[in-house]
$ cat my_file.txt   # compact mmCIF, C-alpha atoms
# COMPACT_ATOMS: atom_id res chain seq x y z
CA MET A 1 0.00 0.00 0.00
CA SER A 2 1.45 3.32 -0.98
CA GLU A 3 2.08 5.79 1.82
CA ASN A 4 -0.06 8.91 1.77
CA LYS A 5 2.49 11.72 1.43
CA MET A 6 -0.10 14.50 1.45
CA LYS A 7 -0.15 15.68 5.05
CA ALA A 8 -1.65 19.17 4.68
CA PRO A 9 -3.77 20.40 6.27
CA ALA A 10 -2.19 18.95 9.39
CA SER A 11 -4.63 20.35 11.94
CA ASP A 12 -8.25 21.41 12.19
CA THR A 13 -7.87 22.83 15.68
CA LYS A 14 -9.61 26.20 15.98
CA GLU A 15 -6.78 27.98 17.71
CA ILE A 16 -3.67 29.96 16.78
CA VAL A 17 -0.71 27.59 16.91
CA ASP A 18 2.72 29.01 17.67
CA VAL A 19 4.59 28.13 14.47
CA PRO A 20 8.38 27.73 14.68
CA TRP A 21 9.60 30.77 12.79
CA ALA A 22 12.98 32.33 13.49
CA TYR A 23 12.38 35.65 11.75
CA ARG A 24 9.12 36.88 13.31
CA ASP A 25 10.72 40.12 14.53
CA LEU A 26 12.36 40.72 11.17
CA VAL A 27 9.06 40.27 9.34
CA GLU A 28 7.40 42.62 11.82
CA ARG A 29 10.05 45.25 11.15
CA VAL A 30 10.63 44.92 7.38
CA SER A 31 7.49 43.49 5.76
CA PRO A 32 4.83 45.88 4.37
CA GLY A 33 2.28 43.47 5.87
CA GLY A 34 -0.77 41.84 4.43
CA ARG A 35 -4.04 43.77 4.53
CA TYR A 36 -7.78 43.68 3.88
CA ILE A 37 -9.46 45.98 1.39
CA ASP A 38 -13.23 46.07 1.52
CA MET A 39 -14.16 45.47 -2.09
CA ALA A 40 -17.94 45.46 -1.71
CA SER A 41 -18.27 48.92 -0.15
CA ASP A 42 -16.82 52.37 -0.86
CA VAL A 43 -15.20 52.50 2.58
CA ASP A 44 -11.68 51.74 1.34
CA SER A 45 -11.88 52.98 -2.26
CA PRO A 46 -14.43 54.96 -4.31
CA TRP A 47 -15.76 54.22 -7.79
CA VAL A 48 -13.77 56.41 -10.18
CA PRO A 49 -15.40 57.12 -13.57
CA PHE A 50 -13.66 55.46 -16.54
CA GLY A 51 -15.25 56.91 -19.67
CA ASP A 52 -19.02 57.47 -19.70
CA GLY A 53 -20.37 54.02 -18.95
CA ALA A 54 -17.74 52.51 -16.69
CA ALA A 55 -15.94 53.00 -13.39
CA ILE A 56 -12.89 51.57 -11.64
CA LYS A 57 -12.53 50.78 -7.92
CA HIS A 58 -8.79 50.74 -7.22
CA LEU A 59 -7.66 48.05 -4.77
CA MET A 60 -3.86 47.82 -4.91
CA PHE A 61 -0.84 49.61 -6.41
CA ASP A 62 2.63 48.00 -6.41
CA VAL A 63 5.13 50.48 -7.85
CA ARG A 64 8.01 48.00 -7.54
CA THR A 65 6.57 45.55 -10.02
CA ASN A 66 4.09 47.72 -11.97
CA THR A 67 1.25 45.60 -10.61
CA TYR A 68 -2.24 46.91 -9.86
CA SER A 69 -5.58 45.49 -8.84
CA ASN A 70 -9.07 46.89 -9.24
CA ILE A 71 -12.69 46.21 -10.07
CA LEU A 72 -13.85 47.28 -13.50
CA TRP A 73 -17.57 48.08 -13.53
CA MET A 74 -19.34 48.51 -16.85
CA LYS A 75 -22.74 49.90 -15.94
CA GLY A 76 -24.63 48.57 -18.96
CA PRO A 77 -23.96 47.17 -22.42
CA GLY A 78 -20.73 48.70 -23.68
CA THR A 79 -17.17 48.33 -24.90
CA ILE A 80 -13.66 48.93 -23.56
CA GLY A 81 -11.77 49.52 -26.82
CA THR A 82 -9.02 47.35 -28.22
CA HIS A 83 -5.93 47.19 -26.03
CA LEU A 84 -2.64 45.29 -26.02
CA HIS A 85 -1.30 43.71 -22.83
CA ARG A 86 2.45 43.66 -22.19
CA GLY A 87 2.02 41.89 -18.86
CA THR A 88 -0.17 39.25 -17.26
CA VAL A 89 -3.81 39.65 -16.22
CA THR A 90 -5.91 37.57 -13.83
CA MET A 91 -9.60 38.50 -13.68
CA VAL A 92 -12.65 37.07 -11.96
CA ALA A 93 -16.14 37.98 -13.15
CA ILE A 94 -18.24 39.10 -10.19
CA GLU A 95 -21.50 40.28 -11.75
CA GLY A 96 -23.18 40.30 -15.17
CA SER A 97 -21.32 38.85 -18.12
CA VAL A 98 -18.46 39.89 -20.37
CA ARG A 99 -16.64 38.64 -23.44
CA TYR A 100 -13.96 39.66 -25.92
CA LEU A 101 -14.77 40.15 -29.61
CA GLU A 102 -11.64 38.09 -30.32
CA TYR A 103 -12.63 34.95 -28.34
CA ASP A 104 -15.54 32.52 -28.33
CA TRP A 105 -16.31 32.36 -24.59
CA VAL A 106 -18.52 34.48 -22.35
CA ALA A 107 -17.41 35.06 -18.75
CA SER A 108 -20.12 34.70 -16.11
CA PRO A 109 -19.95 35.35 -12.34
CA GLY A 110 -17.26 33.25 -10.68
CA GLY A 111 -15.48 32.66 -13.97
CA LEU A 112 -11.71 33.16 -14.21
CA ILE A 113 -10.05 34.98 -17.13
CA LEU A 114 -6.31 34.65 -17.74
CA GLU A 115 -4.48 36.89 -20.21
CA VAL A 116 -0.81 36.81 -21.14
CA PRO A 117 1.64 39.31 -22.68
CA GLY A 118 1.19 40.00 -26.38
CA GLU A 119 -2.60 39.64 -26.55
CA ALA A 120 -4.71 42.49 -27.96
CA HIS A 121 -8.46 42.32 -27.52
CA THR A 122 -11.72 44.23 -27.18
CA LEU A 123 -13.84 43.89 -24.02
CA VAL A 124 -17.61 43.88 -24.52
CA THR A 125 -20.58 43.37 -22.23
CA GLU A 126 -24.01 42.82 -23.74
CA HIS A 127 -25.60 42.13 -20.36
CA PRO A 128 -28.39 44.65 -19.56
CA GLU A 129 -26.75 45.24 -16.15
CA GLY A 130 -23.23 45.33 -17.60
CA CYS A 131 -20.52 43.58 -15.60
CA LYS A 132 -18.15 43.80 -12.68
CA LEU A 133 -14.70 42.27 -13.04
CA PHE A 134 -12.07 41.86 -10.35
CA GLY A 135 -8.61 42.17 -11.93
CA TRP A 136 -4.96 41.70 -10.89
CA MET A 137 -2.71 43.05 -13.61
CA SER A 138 0.98 43.56 -14.15
CA GLY A 139 2.75 45.67 -16.76
CA PRO A 140 1.49 48.25 -19.21
CA ILE A 141 -1.65 48.07 -21.33
CA ASP A 142 -1.53 50.01 -24.62
CA PHE A 143 -4.88 51.45 -25.75
CA PHE A 144 -5.69 52.16 -29.41
CA ASP A 145 -8.43 54.24 -31.03
CA ALA A 146 -11.00 52.95 -33.53
CA GLU A 147 -8.50 53.44 -36.37
CA GLY A 148 -5.79 51.44 -34.62
CA VAL A 149 -3.78 54.55 -33.72
CA TYR A 150 -1.99 54.28 -30.39
CA ALA A 151 -3.67 56.53 -27.80
CA ASP A 152 -2.47 55.88 -24.24
CA THR A 153 -0.57 53.46 -22.01
CA VAL A 154 -2.22 52.40 -18.77
CA ASP A 155 0.02 51.14 -15.97
CA VAL A 156 0.46 51.54 -12.21
CA TRP A 157 1.25 55.27 -12.63
CA TRP A 158 -1.87 55.82 -14.71
CA MET A 159 -3.92 53.94 -12.12
CA ILE A 160 -2.53 55.96 -9.17
CA THR A 161 -3.14 59.19 -11.09
CA HIS A 162 -6.69 58.06 -11.88
CA TYR A 163 -7.35 57.28 -8.21
CA GLU A 164 -5.66 60.31 -6.61
CA THR A 165 -7.05 62.86 -9.08
CA TYR A 166 -10.59 61.74 -8.31
CA CYS A 167 -9.95 61.68 -4.57
CA LYS A 168 -8.58 65.23 -4.64
CA GLU A 169 -11.48 66.52 -6.74
CA ASN A 170 -13.98 64.97 -4.35
CA GLY A 171 -12.25 65.63 -1.04
CA ILE A 172 -11.73 61.90 -0.37
CA PRO A 173 -8.64 61.08 1.73
CA ILE A 174 -5.98 58.95 0.00
CA ASN A 175 -6.06 55.42 1.44
CA GLN A 176 -2.48 54.32 2.13
CA LYS A 177 -3.65 50.69 2.41
CA LEU A 178 -3.93 50.61 -1.38
CA TYR A 179 -0.17 51.17 -1.78
CA LEU A 180 1.66 47.87 -1.28
CA MET B 1 19.53 61.81 -40.86
CA ALA B 2 20.90 59.96 -37.88
CA GLY B 3 19.68 61.21 -34.53
CA LEU B 4 16.64 62.99 -35.95
CA GLY B 5 13.56 60.80 -35.88
CA ALA B 6 15.35 57.48 -35.47
CA LYS B 7 13.22 54.61 -36.79
CA THR B 8 14.47 51.80 -34.56
CA ALA B 9 15.65 51.40 -30.98
CA ALA B 10 19.13 50.60 -32.25
CA GLU B 11 19.24 53.88 -34.18
CA ALA B 12 17.89 55.93 -31.26
CA GLY B 13 21.29 56.48 -29.70
CA ALA B 14 21.73 60.18 -28.98
CA PHE B 15 24.48 60.64 -26.33
CA LYS B 16 22.37 62.95 -24.19
CA ILE B 17 19.54 62.84 -21.68
CA VAL B 18 16.34 63.04 -23.71
CA SER B 19 13.18 64.37 -22.09
CA VAL B 20 10.74 61.47 -22.41
CA PRO B 21 7.00 62.19 -22.73
CA GLU B 22 5.39 61.29 -19.39
CA ALA B 23 1.77 62.06 -18.62
CA HIS B 24 2.07 61.05 -14.95
CA LYS B 25 5.41 62.65 -14.06
CA GLN B 26 4.21 64.07 -10.74
CA ILE B 27 2.91 60.70 -9.54
CA ILE B 28 6.07 58.93 -10.66
CA ASP B 29 8.21 61.52 -8.88
CA GLN B 30 6.17 60.97 -5.73
CA TYR B 31 6.03 57.17 -5.67
CA VAL B 32 8.80 55.75 -7.86
CA ARG B 33 11.35 53.50 -6.15
CA GLU B 34 14.89 54.67 -6.67
CA GLY B 35 17.09 52.10 -8.32
CA THR B 36 20.03 50.95 -6.22
CA TYR B 37 23.79 50.91 -6.67
CA ILE B 38 26.05 48.67 -4.66
CA GLY B 39 29.74 49.15 -5.32
CA GLN B 40 32.44 46.62 -4.52
CA SER B 41 33.55 48.02 -1.16
CA GLU B 42 32.88 45.98 1.96
CA GLU B 43 31.46 49.12 3.58
CA GLU B 44 28.56 48.89 1.15
CA SER B 45 28.10 45.17 1.75
CA PRO B 46 30.56 42.91 3.58
CA TRP B 47 31.45 39.30 2.90
CA VAL B 48 29.43 37.35 5.46
CA PRO B 49 30.79 33.91 6.35
CA PHE B 50 28.66 30.96 5.19
CA GLY B 51 30.22 27.90 6.80
CA ASP B 52 34.01 27.62 7.00
CA ASN B 53 34.94 27.85 3.35
CA ALA B 54 32.35 30.18 1.85
CA ALA B 55 30.94 33.69 2.15
CA ILE B 56 27.95 35.58 0.81
CA ARG B 57 27.92 39.22 -0.26
CA HIS B 58 24.29 40.38 -0.10
CA LEU B 59 23.15 42.76 -2.84
CA ALA B 60 19.34 42.97 -2.69
CA PHE B 61 16.39 41.90 -0.56
CA ASP B 62 12.82 42.10 -1.90
CA VAL B 63 10.43 41.14 0.90
CA ARG B 64 7.32 41.57 -1.28
CA ASN B 65 8.44 38.88 -3.69
CA ASN B 66 10.79 36.81 -1.52
CA VAL B 67 13.62 37.69 -3.89
CA TYR B 68 17.27 37.97 -2.87
CA ALA B 69 20.44 38.61 -4.82
CA ASN B 70 24.01 38.04 -3.77
CA VAL B 71 27.46 36.87 -4.72
CA LEU B 72 28.44 33.42 -3.47
CA TRP B 73 32.15 32.91 -2.86
CA ILE B 74 33.56 29.46 -2.19
CA LYS B 75 37.15 30.10 -1.23
CA SER B 76 38.74 26.79 -2.27
CA ALA B 77 37.62 23.45 -3.64
CA GLY B 78 34.45 22.70 -1.72
CA VAL B 79 30.73 22.07 -1.53
CA ILE B 80 27.44 23.84 -0.86
CA GLY B 81 25.34 20.90 0.33
CA THR B 82 22.31 19.49 -1.44
CA HIS B 83 19.44 21.94 -1.54
CA LYS B 84 16.06 22.10 -3.20
CA HIS B 85 14.70 25.28 -4.77
CA ARG B 86 11.00 26.07 -4.61
CA GLY B 87 11.47 29.22 -6.70
CA MET B 88 13.45 30.36 -9.72
CA VAL B 89 17.18 31.12 -9.87
CA TRP B 90 19.31 33.12 -12.31
CA ALA B 91 23.10 33.10 -12.01
CA ILE B 92 26.24 34.28 -13.79
CA GLY B 93 29.71 32.92 -13.05
CA LEU B 94 32.22 35.62 -12.03
CA GLU B 95 35.46 33.85 -11.06
CA GLY B 96 36.69 30.25 -11.09
CA THR B 97 34.23 27.54 -11.99
CA PHE B 98 31.46 25.62 -10.29
CA ARG B 99 29.18 22.78 -11.22
CA TYR B 100 26.44 20.64 -9.74
CA LEU B 101 27.03 16.96 -9.07
CA GLU B 102 23.65 16.37 -10.73
CA TYR B 103 24.44 18.05 -14.09
CA ASP B 104 27.07 17.72 -16.79
CA TRP B 105 28.04 21.36 -17.35
CA VAL B 106 30.61 23.59 -15.65
CA CYS B 107 29.82 27.29 -15.11
CA GLY B 108 32.77 29.65 -15.59
CA PRO B 109 33.16 33.44 -15.67
CA GLY B 110 30.49 35.01 -17.89
CA ASP B 111 28.49 31.78 -18.18
CA PHE B 112 24.76 32.01 -17.44
CA ILE B 113 22.50 29.45 -15.79
CA THR B 114 18.89 29.15 -14.66
CA GLU B 115 17.34 26.82 -12.11
CA PHE B 116 13.67 26.09 -11.54
CA PRO B 117 11.30 25.12 -8.74
CA GLY B 118 11.71 21.44 -7.91
CA HIS B 119 15.43 21.21 -8.69
CA ALA B 120 17.51 19.66 -5.90
CA HIS B 121 21.26 19.77 -6.45
CA THR B 122 24.70 19.94 -4.90
CA LEU B 123 26.99 22.84 -5.79
CA VAL B 124 30.72 22.08 -5.93
CA THR B 125 33.84 23.82 -7.10
CA ASP B 126 36.92 21.81 -8.01
CA GLU B 127 39.12 24.91 -8.25
CA PRO B 128 41.94 25.34 -5.71
CA ASP B 129 41.00 29.05 -5.72
CA GLY B 130 37.29 28.34 -5.54
CA MET B 131 34.61 30.34 -7.32
CA LYS B 132 32.47 33.44 -7.26
CA ALA B 133 29.07 33.73 -8.91
CA PHE B 134 26.21 36.21 -8.88
CA PHE B 135 22.84 34.69 -7.94
CA TRP B 136 19.35 36.15 -8.22
CA MET B 137 16.93 33.85 -6.40
CA GLN B 138 13.24 33.75 -5.70
CA GLY B 139 11.37 31.73 -3.09
CA ALA B 140 12.40 29.13 -0.55
CA ASN B 141 15.61 27.09 -0.73
CA GLU B 142 15.65 23.96 1.45
CA PHE B 143 18.94 22.55 2.71
CA TYR B 144 19.41 18.84 3.54
CA ASP B 145 22.09 16.95 5.45
CA ASP B 146 24.02 14.02 3.97
CA GLU B 147 21.26 11.61 5.00
CA GLY B 148 18.60 13.67 3.26
CA ASN B 149 17.14 15.12 6.46
CA HIS B 150 15.77 18.64 6.13
CA VAL B 151 18.06 21.04 7.99
CA GLU B 152 16.90 24.57 7.26
CA THR B 153 14.86 26.57 4.76
CA LEU B 154 16.49 29.72 3.41
CA ASP B 155 14.49 32.60 2.00
CA VAL B 156 14.62 36.40 1.97
CA TRP B 157 14.22 36.51 5.78
CA TRP B 158 17.13 34.14 6.31
CA PHE B 159 19.26 36.25 3.99
CA ILE B 160 18.33 39.54 5.69
CA ASN B 161 19.04 37.97 9.07
CA HIS B 162 22.37 36.59 7.81
CA TYR B 163 23.36 40.08 6.67
CA GLU B 164 22.06 42.04 9.68
CA SER B 165 23.41 39.66 12.34
CA TYR B 166 26.90 39.97 10.90
CA CYS B 167 26.65 43.75 10.57
CA LYS B 168 25.59 44.04 14.20
CA GLU B 169 28.42 41.78 15.40
CA GLN B 170 30.96 43.77 13.43
CA GLY B 171 29.53 47.25 14.03
CA ILE B 172 28.88 47.76 10.30
CA PRO B 173 25.96 50.11 9.53
CA ILE B 174 23.00 48.50 7.74
CA ASN B 175 22.95 49.61 4.09
CA ARG B 176 19.37 50.60 3.22
CA GLN B 177 20.24 50.30 -0.49
CA LEU B 178 20.02 46.52 -0.12
CA TYR B 179 16.30 46.63 0.72
CA LEU B 180 14.24 47.03 -2.45

$ encode --input "my_file.txt" --output "structure tokens"
Amino acid sequence: MSENKMKAPASDTKEIVDVPWAYRDLVERVSPGGRYIDMASDVDSPWVPFGDGAAIKHLMFDVRTNTYSNILWMKGPGTIGTHLHRGTVTMVAIEGSVRYLEYDWVASPGGLILEVPGEAHTLVTEHPEGCKLFGWMSGPIDFFDAEGVYADTVDVWWMITHYETYCKENGIPINQKLYL
Amino acid sequence: MAGLGAKTAAEAGAFKIVSVPEAHKQIIDQYVREGTYIGQSEEESPWVPFGDNAAIRHLAFDVRNNVYANVLWIKSAGVIGTHKHRGMVWAIGLEGTFRYLEYDWVCGPGDFITEFPGHAHTLVTDEPDGMKAFFWMQGANEFYDDEGNHVETLDVWWFINHYESYCKEQGIPINRQLYL
């Protein structure tokens, strides 16, 4: 009989166990620390308009790796124009439905979307209520106009500018928790 | 004409600082991480003993990504015991040569290697004058004794502790440049 080598999880005891860990003090001193951002409310981060029919709720900015996380909310049927990713994207559909003109699938709530560098595509929702998408993205995204002319590059700096400009205009304090 | 409206990156070689278009300059100025420079002096980063016949010169610690970079120096023919990587490794040989008992190549000055999660191997140098190599490592690195018993897991916290403990013992100021 083969030995079961899978030992995790090794406990279901509902208590904090003192784990042997030599560098607790160092972590305390040097680590930026994990954190919780309330995604469902506006307590931690407001909805910032993104064009006429969409908004972005910023969740995380990492300036060391050009990584950023947010929720994209398209408020009704609409399009986010063709864009080219130079990094990796992980998205989870939260509400409504969404697809890309380039692909044959439709993302529904709970569905996971993976995108990799070099892919250009056009985001569309035909759902009457639009869609909400949680995203974790790294690297720049190049946006093009309807004629294929390069228009803008979106990255962590763009996202911070988007967030802070709106906060300043609306007298909302900057939330340092969003900056990893 | 060269220098005016270069068509390719290779042609774009003006020997001057060019003002690059940047829509988010103010945000970048506020949040950008300065790059780091570590020269060769031991004041900037000392050789920290690693066993009797080796030393490590720490160059970078990235606690957000569990990344650490350093130069490994084995001073004469010797061994870094069998260890298993759970992250990725990039390395370039600087002086002397080293190899792994598990592989058939020998890494010399200027040679480049990669290692991947799941690789367990035993680093040796056959050179009377040993070796030096630059390593850029990510994730945990598990060390085993000669019977295959787990001894210790090294990661960014181990490396920071290795560096700081030695600095404290020797009265060397901590170099903030090492912390990304």

$ atom_distance --input "my_file.txt" --atom1 "CA of Ser108 (chain A)" --atom2 "CA of Val124 (chain A)"
12.7 Å

$ interface_residues --input "my_file.txt" --of "chain B" --to "chain A" --cutoff "9 Å" --atoms "only C-alpha atoms" --output "number ranges by chain"
B: 23-28, 31-33, 63-64, 157-158, 160-161, 179-180

$ atom_distance --input "my_file.txt" --atom1 "CA of Tyr100 (chain B)" --atom2 "CA of Asn70 (chain B)"
18.6 Å

$ atom_distance --input "my_file.txt" --atom1 "CA of Lys177 (chain A)" --atom2 "CA of Ser45 (chain A)"
9.7 Å

$ closest_residue --input "my_file.txt" --among "B:His162, B:Pro117, B:Met131, B:Lys16" --to "Gly51 (chain B)" --atoms "all atoms listed in the file"
B:His162

$ closest_residue --input "my_file.txt" --among "A:Tyr150, A:Tyr103, A:Trp136, A:Phe144" --to "Tyr68 (chain A)" --atoms "all atoms listed in the file"
A:Trp136

$ residues_around --input "my_file.txt" --residues "Pro173 (chain A)" --least-positions-apart "6" --cutoff "12 Å" --atoms "only C-alpha atoms" --output "VMD selection string"
chain A and resid 43 to 46 163 to 167

$ closest_residue --input "my_file.txt" --among "B:Thr36, B:Thr82, B:Gln170, B:Ser76" --to "Asn149 (chain B)" --atoms "all atoms listed in the file"
B:Thr82

$ closest_residue --input "my_file.txt" --among "B:Asn65, B:Gln177, B:Thr97, B:Asn141" --to "Ile38 (chain B)" --atoms "only C-alpha atoms"
B:Gln177

$ residues_near_point --input "my_file.txt" --point "(30.1, 33.4, 1.9)" --cutoff "10 Å" --atoms "all atoms listed in the file" --output "JSON, numbers by chain"
{"B": [46, 47, 48, 49, 50, 51, 52, 53, 54, 55, 56, 57, 58, 70, 71, 72, 73, 74, 75, 132]}

$ residues_around --input "my_file.txt" --residues "Val79 (chain B)" --least-positions-apart "3" --cutoff "8 Å" --atoms "only C-alpha atoms" --output "CSV table (one decimal) with C-alpha atoms, in the frame of the given file"
chain,number,residue,atom,x,y,z
B,74,ILE,CA,33.6,29.5,-2.2
B,122,THR,CA,24.7,19.9,-4.9
B,123,LEU,CA,27.0,22.8,-5.8
B,124,VAL,CA,30.7,22.1,-5.9
B,125,THR,CA,33.8,23.8,-7.1

$ build_atoms --input "my_file.txt" --residues "region 110-131 of chain A" --atoms "N, CA and C atoms" --output "PDB file, in the coordinates of the input"
ATOM      1  N   GLY A 110     -18.088  34.334 -11.203  1.00  0.00           N
ATOM      2  CA  GLY A 110     -17.260  33.250 -10.680  1.00  0.00           C
ATOM      3  C   GLY A 110     -16.246  32.744 -11.679  1.00  0.00           C
ATOM      4  N   GLY A 111     -16.400  33.147 -12.941  1.00  0.00           N
ATOM      5  CA  GLY A 111     -15.480  32.660 -13.970  1.00  0.00           C
ATOM      6  C   GLY A 111     -14.135  33.377 -13.907  1.00  0.00           C
ATOM      7  N   LEU A 112     -13.084  32.646 -14.255  1.00  0.00           N
ATOM      8  CA  LEU A 112     -11.710  33.160 -14.210  1.00  0.00           C
ATOM      9  C   LEU A 112     -11.200  33.423 -15.619  1.00  0.00           C
ATOM     10  N   ILE A 113     -10.616  34.611 -15.822  1.00  0.00           N
ATOM     11  CA  ILE A 113     -10.050  34.980 -17.130  1.00  0.00           C
ATOM     12  C   ILE A 113      -8.549  35.170 -16.951  1.00  0.00           C
ATOM     13  N   LEU A 114      -7.756  34.476 -17.758  1.00  0.00           N
ATOM     14  CA  LEU A 114      -6.310  34.650 -17.740  1.00  0.00           C
ATOM     15  C   LEU A 114      -5.882  35.257 -19.064  1.00  0.00           C
ATOM     16  N   GLU A 115      -5.018  36.275 -18.993  1.00  0.00           N
ATOM     17  CA  GLU A 115      -4.480  36.890 -20.210  1.00  0.00           C
ATOM     18  C   GLU A 115      -2.974  36.973 -20.060  1.00  0.00           C
ATOM     19  N   VAL A 116      -2.270  36.850 -21.178  1.00  0.00           N
ATOM     20  CA  VAL A 116      -0.810  36.810 -21.140  1.00  0.00           C
ATOM     21  C   VAL A 116      -0.237  37.873 -22.077  1.00  0.00           C
ATOM     22  N   PRO A 117       1.048  38.243 -21.870  1.00  0.00           N
ATOM     23  CA  PRO A 117       1.640  39.310 -22.680  1.00  0.00           C
ATOM     24  C   PRO A 117       1.515  39.043 -24.180  1.00  0.00           C
ATOM     25  N   GLY A 118       1.234  40.123 -24.930  1.00  0.00           N
ATOM     26  CA  GLY A 118       1.190  40.000 -26.380  1.00  0.00           C
ATOM     27  C   GLY A 118      -0.215  39.903 -26.936  1.00  0.00           C
ATOM     28  N   GLU A 119      -1.226  39.777 -26.080  1.00  0.00           N
ATOM     29  CA  GLU A 119      -2.600  39.640 -26.550  1.00  0.00           C
ATOM     30  C   GLU A 119      -3.277  41.003 -26.628  1.00  0.00           C
ATOM     31  N   ALA A 120      -3.892  41.275 -27.793  1.00  0.00           N
ATOM     32  CA  ALA A 120      -4.710  42.490 -27.960  1.00  0.00           C
ATOM     33  C   ALA A 120      -6.149  42.047 -28.139  1.00  0.00           C
ATOM     34  N   HIS A 121      -7.073  42.741 -27.453  1.00  0.00           N
ATOM     35  CA  HIS A 121      -8.460  42.320 -27.520  1.00  0.00           C
ATOM     36  C   HIS A 121      -9.402  43.438 -27.084  1.00  0.00           C
ATOM     37  N   THR A 122     -10.694  43.204 -27.311  1.00  0.00           N
ATOM     38  CA  THR A 122     -11.720  44.230 -27.180  1.00  0.00           C
ATOM     39  C   THR A 122     -12.802  43.706 -26.249  1.00  0.00           C
ATOM     40  N   LEU A 123     -12.951  44.371 -25.087  1.00  0.00           N
ATOM     41  CA  LEU A 123     -13.840  43.890 -24.020  1.00  0.00           C
ATOM     42  C   LEU A 123     -15.255  44.412 -24.250  1.00  0.00           C
ATOM     43  N   VAL A 124     -16.223  43.504 -24.248  1.00  0.00           N
ATOM     44  CA  VAL A 124     -17.610  43.880 -24.520  1.00  0.00           C
ATOM     45  C   VAL A 124     -18.522  43.225 -23.500  1.00  0.00           C
ATOM     46  N   THR A 125     -19.490  44.010 -22.973  1.00  0.00           N
ATOM     47  CA  THR A 125     -20.580  43.370 -22.230  1.00  0.00           C
ATOM     48  C   THR A 125     -21.888  43.684 -22.938  1.00  0.00           C
ATOM     49  N   GLU A 126     -22.688  42.642 -23.135  1.00  0.00           N
ATOM     50  CA  GLU A 126     -24.010  42.820 -23.740  1.00  0.00           C
ATOM     51  C   GLU A 126     -25.096  42.590 -22.694  1.00  0.00           C
ATOM     52  N   HIS A 127     -24.659  42.359 -21.456  1.00  0.00           N
ATOM     53  CA  HIS A 127     -25.600  42.130 -20.360  1.00  0.00           C
ATOM     54  C   HIS A 127     -26.319  43.443 -20.046  1.00  0.00           C
ATOM     55  N   PRO A 128     -27.671  43.401 -19.849  1.00  0.00           N
ATOM     56  CA  PRO A 128     -28.390  44.650 -19.560  1.00  0.00           C
ATOM     57  C   PRO A 128     -27.843  45.378 -18.332  1.00  0.00           C
ATOM     58  N   GLU A 129     -27.319  44.626 -17.365  1.00  0.00           N
ATOM     59  CA  GLU A 129     -26.750  45.240 -16.150  1.00  0.00           C
ATOM     60  C   GLU A 129     -25.240  45.445 -16.276  1.00  0.00           C
ATOM     61  N   GLY A 130     -24.671  45.172 -17.442  1.00  0.00           N
ATOM     62  CA  GLY A 130     -23.230  45.330 -17.600  1.00  0.00           C
ATOM     63  C   GLY A 130     -22.442  44.228 -16.918  1.00  0.00           C
ATOM     64  N   CYS A 131     -21.340  44.598 -16.269  1.00  0.00           N
ATOM     65  CA  CYS A 131     -20.520  43.580 -15.600  1.00  0.00           C
ATOM     66  C   CYS A 131     -19.646  44.235 -14.537  1.00  0.00           C
TER      67      CYS A 131
END
